[in-house]
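In what follows, a structure is listed as structure tokens, so that the remarks can point back to it.
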Amino acid sequence: MNAILEVQDVSKRFGGLTAVKNVSFSLQPGELTGILGPNGAGKTTLFNLLTGFIPPDSGSIRFEGQELRGLAPYKIVNRGIARTFQLTRPFLGMTVLENVIVACLSPRARDAHDKESRAHQLLDQVGLGAKAKDAVETLPYGDLRRLEIARALATRPDLLLLDEPFAGLGSSEIEPLAQLIKRLHREENLTILLIEHKLREFMALVSRVIAIDFGEIIAVAAPADIVRDPRVIEAYIGRTEADHASA
Amino acid sequence: MLEILIYGAVSSAIYAMLAVGFTLIFGVARILNLAHGAFYALGGYSAYVFATLLHFPLFIAAPLAVLLVAGLGVLMERFLVRPLRTSQLAVLMITLSVSLAVEQGLFITFGSEYRNVPSFVADKISIGGVDIGGQRLLALFASVTVLCCLWLFIQRTRLGAAILAVSQDPEAAQYMGIPTNRIFSIVMAISAGTAALAGVLVSPFLTVQPGMGLLPMVKAFAIVIVGGLGSIPGSILASLLLGYSETIVAYLISSSWTELVSLVAVVTTLMIKPSGLLGRRAAF
Amino acid sequence: MRRASLIDLSGAAVVVAVLALTPMLLNSNYLTGVLTVCAIYAIWAASWDFMSGLTGRENFGHALFIGAGAYTAGFLATVWFANPWYSLPAAVVVAVAFSLVVGFPTLRLKGPYFALAMLTASAIMQRLCLIFWEYSGGEEGLYGLEPLILSPLHYYWFVLAILVIGVAILTALAHSHWGLLLRAIRGDEATCQAAGINVTFYKIASLMISAAFAGLGGALYAHYQLQVSPPLFSVLVSITVIIMVYVGGIGSIYGPAMGAILLTLLTEMLRGFGEYRLWIYTLTLMLILFFLPNGLIAPLWRRLTERFR
């Protein structure tokens with residue numbers, strides 16, 4: 001089966017800092033994969049590269065067989081990749097419903113005749129149906145995350161990129177959101193790539209984990225195996241063992 | 001050729017001083033002060049009032065003019081700009097309004113005739129066969145001196161370090177105990193003061209009229225954009241570039257094109273490299 | 001999206017009726033002339049608001065489009081001796097062309113920089129008019145244009161009709177999905193991109209629409225004053241329009257139109273104050289920015305008609 005996303009040797013430098021270094025991986029259609037790494041590892045930069053918000057210095061990114069390099073972000077969205085942001089930035093001054101309608105106006109989503117009812121439907125799917133007419137400023141943090149997902153879904157993506165969806169959520173909010181992601185993965189036949197730096201959330205959710213540190217991939221394995229990988233442990237806990245050994 | 005070199009240097013120096021004041025207040029307080037030209041005009045008119053009308057000796061009239069305008073600048077920042085700091089556009093509008101109001105006020109008070117201010121140095125000096133008014137040379141040297149002092153002040157003194165800190169991160173500076181609001185006032189005073197000084201220095205040979213702030217403002221603004229908002233070395237570099245381009249254009253084509261040079265430079269920079277030659281903060 | 005409620009439409013009808021009937025009842029050519037200028041400023045203000053009010057990208061160089069439209073009318077009349085009615089579509093085309101040329105490179109700039117780039121562009125045009133005085137008539141400009149309609153009253157009604165149609169079109173667009181997208185662009189461009197919206201297209205398109213109406217107003221003004229001169233490109237014109245928008249209530253379209261009418265009337269009444277008028281304008285802007293950033297007219301209307309919605 002052809003990979004839906006093929007990333008080859010992608011690199012990005014910011015001045016003297018190499019944020020992403022020769023990253024290569026591929027995603028099969030329908031996978032739920034996670035990217036794991038400590039803060040500053042380059043995960044969000046990678047998402048920004050995949051979605052066209054910053055251009056890569058080198059390498060290729062092929063989605064459904066076509067090269068994405070050089071495309072503006074909105075064009076990439078209209079090819080079928082949607083993303084959420086770590087810091088949700090909703091459209092202020094509008095209702096929750098209106099926030100989703102905006103995404104329904106993108107070319108990819110536009111053929112649906114009644115944007116409003118489609119937007120309602122999406123909000124119902126993420127569990128925000130009752131709050132459709134509320135001002136978006138009144139939404140609590142956890143609901144903003146759901147709104148992000150609704151907005152991403154509005155563009156009918158084949159690949160969904162979730163940037164730290166569980167960040168900042170309390171323990172009671174994490175599980176329902178994880179269930180939502182799982183449900184959407186099944187119902188919408190999506191390929192999902194999600195970033196997290198907290199390991200526990202991954203375990204139940206993803207089938208494969210790509211571990212990143214300092215911009216490079218250090219391990220790719222199933223969740224159960226990744227915790228035993230020495231390089232991953234070192235990235236998270238530090239070089240204490242190695243230092244003591246060489247002292 | 002030598003004439004171009006020398007006259008170009010005088011222009012560049014004055015514009016540099018104007019531009020540095022403008023870029024300073026932006027770099028530190030993020031204020032795009034469109035009233036900067038008004039301070040320049042007020043400097044010239046204050047010199048006129050003190051020296052010509054009130055017959056103060058020049059060595060009193062000049063500093064007095066600078067101090068007065070510096071004070072006005074501080075008042076403007078404190079009462080008109082600071083409450084609107086949250087919106088850069090609102091600041092643009094209010095400073096633009098101040099600029100228009102000042103120009104109108106000067107017109108109402110003094111009328112539109114050109115006024116004369118006596119020179120500090122009345123003699124003409126000859127350099128390599130080129131005659132140049134002593135006042136212009138004074139303007140050149142004074143500007144360069146002030147710029148050097150300003151540079152040293154910022155790099156070498158504690159207050160200068162505080163100013164640099166505020167320009168990088170006002171909140172962090174506050175947490176470190178730096179009184180950011182007072183720094184804003186101080187920088188505004190320096191900015192308005194240097195603009196006024198430029199006005200005082202050129203008034204003897206350029207004369208004083210209500211619209212005098214407009215053209216220099218356009219040029220200072222162009223210099224700052226081309227050099228990079230917030231960058232003092234950028235302003236100095238750009239002022240040399242623009243100062244000389246203008247002098248050359250004035251000689252080769254016509255002096256009515258000089259303003260166009262600045263305007264086109266601005267638009268070109270904004271379109272190609274909005275952060276300017278040496279600017280750190282991009283415009284998008 | 002948001003439909004204009006019955007009370008809004010009624011209010012608009014009353015205002016239009018008053019505006020249309022007053023000069024007829026008072027039978028004064030002077031008043032008709034003043035109201036014509038009011039209506040033209042209202043077109044300028046509403047057109048500014050559609051783009052800048054909705055997207056939050058404040059355009060400090062609206063005079064560029066106004067002058068472009070006016071000078072197009074001027075050239076057609078004095079250089080090509082064309083039928084004055086050609087001025088209107090020609091002015092629209094030229095103004096839109098200007099907006100494309102200037103809009104593409106400048107719209108990607110952040111707020112204040114876009115404002116300043118537009119300001120500089122209009123200043124450049126003003127200077128070019130003075131430099132190439134053989135073609136543009138220099139300081140005095142072009143004169144000798146012919147009126148479109150001989151009767152001042154009928155011309156006024158014509159301009160008023162254009163104003164009403166223009167505000168109707170702009171309001172309809174603002175309430176439609178277009179308006180929603182423009183307001184989303186004001187909110188967060190990156191999020192818009194992530195929602196698959198071609199942000200550049202909508203920004204440029206709204207600038208083009210804004211320019212079209214501004215240019216149209218410029219041509220109407222040219223055929224009223226029967227002359228055009230460089231001050232039409234000046235920052236003063238741009239900022240006057242902005243003040244009118246702020247008084248009216250930024251983002252509401254009808255507010256700026258009303259604000260323009262009221263401020264122009266006020267200016268006429270204050271004619272005796274001559275030189276102090278600019279001070280009054282400046283003071284008005286300062287007061288609005290400090291105390292009423294949402295404007296005066298639109299918020300007031302909304303407050304008064306709350307009970308009827």
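FYI, nothing fancy with the structure tokens labels: chains A, B, ... in order, residues from 1 per chain, ligands from 1 as they appear.
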
Let's see if you can do this: from backbone DSSP, list all helix (DSSP H, G or I) residues in range 96-271 of chain B, as JSON, numbers by chain. {"B": [96, 97, 98, 99, 100, 101, 102, 103, 104, 105, 106, 107, 108, 109, 110, 134, 135, 136, 137, 138, 139, 140, 141, 142, 143, 144, 145, 146, 147, 148, 149, 150, 151, 152, 153, 154, 155, 156, 158, 159, 160, 161, 162, 163, 164, 165, 166, 167, 168, 170, 171, 172, 173, 174, 175, 180, 181, 182, 183, 184, 185, 186, 187, 188, 189, 190, 191, 192, 193, 194, 195, 196, 197, 198, 199, 200, 201, 202, 203, 204, 205, 206, 210, 211, 212, 213, 214, 215, 216, 217, 218, 219, 220, 221, 222, 223, 224, 225, 226, 227, 232, 233, 234, 235, 236, 237, 238, 239, 240, 241, 242, 243, 244, 245, 246, 247, 248, 249, 250, 251, 252, 255, 256, 257, 258, 259, 260, 261, 262, 263, 264, 265, 266, 267, 268, 269, 270, 271]}

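With the cut-off set to 8 Å and only C-alpha atoms counted, chain B residues close to chain C are Pro83, Leu84, Gln88, Leu89, Ala90, Leu92, Ile94, Ser97, Val98, Leu100, Ala101, Gln104, Gly105, Ile108, Ser256, Trp257, Glu259, Leu260, Leu263, Val264, Val266, Val267, Leu270, Met271, Pro274, Ala283 and Phe284 of chain B.
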
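Distance check against chain A using only C-alpha atoms: of C:Tyr254, C:Ser238, C:Leu207, C:Leu54, the minimum falls on C:Leu54.
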
Any idea which chain C residues end up within 10 Å of chain A if we count only C-alpha atoms, as a PyMOL selection string please? chain C and resi 1+177-178+180-199

For Tyr175 in chain B, list every protein, DNA or RNA residue within 12 Å, evaluated using only C-alpha atoms, and leave out those in the same chain fewer than 5 positions away; present the list as a list in words. Ala165, Val166, Asp169, Pro170 and Thr180 of chain B

Å distance separating CA of Gly103 in chain C from CA of Lys273 in chain B, one decimal place: 16.0 Å

Near-Gly65 in chain A list (9 Å; only C-alpha atoms; drop same-chain fewer than 6 positions) as an MDAnalysis selection string: chainID A and resid 2:6

Non-local contacts of Leu201 in chain B (8 Å; only C-alpha atoms; under 6 positions in same chain excluded) as a PyMOL selection string: chain B and resi 44+135+138-139

From CA of Tyr30 in chain C to CA of Val164 in chain C the spacing works out at 21.9 Å
